Amino acid sequence: MKRIFTAIGVAAAVLALSLSATSPAAAAPVEAPTPVKSRIENAAAPDAAVEQRTCRARFAEGVNHRLRAEAESAIIGSIPAGTWVQTSCTRVAGGEYTACGVSSDFWMEVYWNGNWGHSAWGCVKDWEFTS
């Protein structure tokens, strides 16, 4: 009787191992595309196979639209508080600033009046994916 139960146990283990070896989880991993770091820094044409996400944000207070992610960078515009603007979907590191009661070195890439630039991440009131 002990031999029968041992044989059944061995058969069950072999069956379980053979099923797990053919499962999709055991397949070779698919290489994920490298995300675009920055819309401004990336001058190359986007890869057609990579789905681009778009986002928008609005700021709690009026903010400066700067050429670079630095507090001393040239101001190329001013974005009024509460205005929805097209943005990158990630924040970028840059120079330190204090705005809207926050000290930070994170910036958001913003498209405003026909130009990509940077505005203070600490002033973002609302942010969302648009696609």
# chains A, B, ... in the order shown; residues from 1 in each chain; ligands from 1
>>> residues_around(residues="segment 83-88 of chain A", least_positions_apart="6", cutoff="10 Å", atoms="only C-alpha atoms", output="VMD selection string")
chain A and resid 37 to 40 53 to 62 108 to 113 116 to 119 126 to 130
>>> residues_around(residues="Val63 of chain A", least_positions_apart="4", cutoff="7 Å", atoms="only C-alpha atoms", output="list in words")
Ser78, Ile79, Pro80 and Ser119 of chain A
>>> atom_distance(atom1="atom CA of Glu96 of chain A", atom2="atom CA of Glu70 of chain A")
6.9 Å
>>> residues_around(residues="Ile75 of chain A", least_positions_apart="2", cutoff="9 Å", atoms="only C-alpha atoms", output="PDB file with N, CA, C and O atoms, in the first residue's frame")
ATOM      1  N   ASN A  64       5.958  80.795 -13.675  1.00  0.00           N
ATOM      2  CA  ASN A  64       6.799  81.163 -14.811  1.00  0.00           C
ATOM      3  C   ASN A  64       7.040  79.927 -15.668  1.00  0.00           C
ATOM      4  O   ASN A  64       7.225  78.829 -15.170  1.00  0.00           O
ATOM      5  N   HIS A  65       7.038  80.144 -16.966  1.00  0.00           N
ATOM      6  CA  HIS A  65       7.371  79.110 -17.943  1.00  0.00           C
ATOM      7  C   HIS A  65       8.810  79.390 -18.345  1.00  0.00           C
ATOM      8  O   HIS A  65       9.095  80.401 -18.980  1.00  0.00           O
ATOM      9  N   ARG A  66       9.740  78.517 -17.929  1.00  0.00           N
ATOM     10  CA  ARG A  66      11.171  78.775 -18.117  1.00  0.00           C
ATOM     11  C   ARG A  66      11.759  77.896 -19.217  1.00  0.00           C
ATOM     12  O   ARG A  66      11.279  76.794 -19.467  1.00  0.00           O
ATOM     13  N   LEU A  67      12.818  78.401 -19.823  1.00  0.00           N
ATOM     14  CA  LEU A  67      13.486  77.691 -20.902  1.00  0.00           C
ATOM     15  C   LEU A  67      14.111  76.388 -20.409  1.00  0.00           C
ATOM     16  O   LEU A  67      14.014  75.355 -21.056  1.00  0.00           O
ATOM     17  N   ARG A  68      14.741  76.414 -19.255  1.00  0.00           N
ATOM     18  CA  ARG A  68      15.393  75.233 -18.670  1.00  0.00           C
ATOM     19  C   ARG A  68      14.839  74.988 -17.258  1.00  0.00           C
ATOM     20  O   ARG A  68      14.213  75.856 -16.681  1.00  0.00           O
ATOM     21  N   GLU A  72      17.051  80.268 -12.368  1.00  0.00           N
ATOM     22  CA  GLU A  72      17.633  81.458 -13.005  1.00  0.00           C
ATOM     23  C   GLU A  72      17.526  81.414 -14.530  1.00  0.00           C
ATOM     24  O   GLU A  72      18.041  82.298 -15.213  1.00  0.00           O
ATOM     25  N   SER A  73      16.860  80.403 -15.079  1.00  0.00           N
ATOM     26  CA  SER A  73      16.711  80.275 -16.526  1.00  0.00           C
ATOM     27  C   SER A  73      15.788  81.366 -17.073  1.00  0.00           C
ATOM     28  O   SER A  73      14.945  81.915 -16.352  1.00  0.00           O
ATOM     29  N   GLY A  77       7.481  82.781 -20.657  1.00  0.00           N
ATOM     30  CA  GLY A  77       6.056  83.035 -20.542  1.00  0.00           C
ATOM     31  C   GLY A  77       5.611  82.929 -19.095  1.00  0.00           C
ATOM     32  O   GLY A  77       6.399  82.635 -18.201  1.00  0.00           O
ATOM     33  N   SER A  78       4.327  83.173 -18.891  1.00  0.00           N
ATOM     34  CA  SER A  78       3.728  83.062 -17.564  1.00  0.00           C
ATOM     35  C   SER A  78       2.409  82.308 -17.718  1.00  0.00           C
ATOM     36  O   SER A  78       1.588  82.657 -18.570  1.00  0.00           O
TER      37      SER A  78
END
>>> atom_distance(atom1="atom CA of Arg91 of chain A", atom2="atom CA of Trp121 of chain A")
7.1 Å
>>> select_by_dssp(residues="segment 56-109 of chain A", states="strand (DSSP E or B)", output="number ranges by chain")
A: 56-59, 63-66, 75-79, 85-99, 102-109
>>> residues_around(residues="Gly95 of chain A", least_positions_apart="6", cutoff="9 Å", atoms="only C-alpha atoms", output="PyMOL selection string")
chain A and resi 69-72+104-107
>>> write_last_selection(atoms="all heavy atoms", output="CSV table (one decimal), in the first residue's frame")
chain,number,residue,atom,x,y,z
A,69,ALA,N,15.2,73.8,-16.7
A,69,ALA,CA,14.7,73.5,-15.4
A,69,ALA,C,15.6,74.1,-14.3
A,69,ALA,O,16.2,73.4,-13.5
A,69,ALA,CB,14.6,72.0,-15.2
A,70,GLU,N,15.7,75.4,-14.3
A,70,GLU,CA,16.6,76.1,-13.4
A,70,GLU,C,15.9,77.4,-13.0
A,70,GLU,O,15.3,78.1,-13.8
A,70,GLU,CB,17.9,76.4,-14.0
A,70,GLU,CG,18.7,75.2,-14.5
A,70,GLU,CD,19.9,75.6,-15.3
A,70,GLU,OE1,20.1,76.8,-15.6
A,70,GLU,OE2,20.6,74.7,-15.7
A,71,ALA,N,16.0,77.8,-11.7
A,71,ALA,CA,15.3,79.0,-11.2
A,71,ALA,C,15.8,80.3,-11.9
A,71,ALA,O,15.1,81.2,-12.0
A,71,ALA,CB,15.4,79.1,-9.7
A,72,GLU,N,17.1,80.3,-12.4
A,72,GLU,CA,17.6,81.5,-13.0
A,72,GLU,C,17.5,81.4,-14.5
A,72,GLU,O,18.0,82.3,-15.2
A,72,GLU,CB,19.1,81.6,-12.6
A,72,GLU,CG,19.3,81.7,-11.1
A,72,GLU,CD,18.5,82.9,-10.5
A,72,GLU,OE1,18.5,84.0,-11.1
A,72,GLU,OE2,17.9,82.7,-9.4
A,104,SER,N,12.0,72.7,-3.8
A,104,SER,CA,12.2,71.4,-4.5
A,104,SER,C,13.2,71.6,-5.6
A,104,SER,O,13.6,72.8,-5.9
A,104,SER,CB,10.9,71.0,-5.1
A,104,SER,OG,11.0,69.8,-5.9
A,105,ASP,N,13.6,70.5,-6.2
A,105,ASP,CA,14.4,70.6,-7.5
A,105,ASP,C,13.8,69.8,-8.6
A,105,ASP,O,14.4,69.5,-9.6
A,105,ASP,CB,15.9,70.1,-7.2
A,105,ASP,CG,15.9,68.6,-6.9
A,105,ASP,OD1,14.9,68.0,-6.6
A,105,ASP,OD2,17.0,68.1,-6.9
A,106,PHE,N,12.5,69.5,-8.4
A,106,PHE,CA,11.7,68.9,-9.5
A,106,PHE,C,10.9,69.9,-10.3
A,106,PHE,O,10.3,70.8,-9.8
A,106,PHE,CB,10.8,67.8,-8.9
A,106,PHE,CG,11.5,66.6,-8.4
A,106,PHE,CD1,11.5,66.3,-7.0
A,106,PHE,CD2,12.2,65.8,-9.2
A,106,PHE,CE1,12.2,65.2,-6.5
A,106,PHE,CE2,12.9,64.7,-8.8
A,106,PHE,CZ,12.9,64.4,-7.4
A,107,TRP,N,10.9,69.6,-11.6
A,107,TRP,CA,10.2,70.5,-12.6
A,107,TRP,C,9.3,69.7,-13.4
A,107,TRP,O,9.5,68.5,-13.6
A,107,TRP,CB,11.3,71.2,-13.4
A,107,TRP,CG,12.2,72.1,-12.6
A,107,TRP,CD1,13.2,71.8,-11.9
A,107,TRP,CD2,12.1,73.6,-12.6
A,107,TRP,NE1,13.8,72.9,-11.3
A,107,TRP,CE2,13.1,74.0,-11.7
A,107,TRP,CE3,11.2,74.5,-13.1
A,107,TRP,CZ2,13.4,75.3,-11.4
A,107,TRP,CZ3,11.5,75.8,-12.8
A,107,TRP,CH2,12.5,76.2,-12.0
>>> atom_distance(atom1="atom CA of Asn115 of chain A", atom2="atom CA of Ile76 of chain A")
8.3 Å
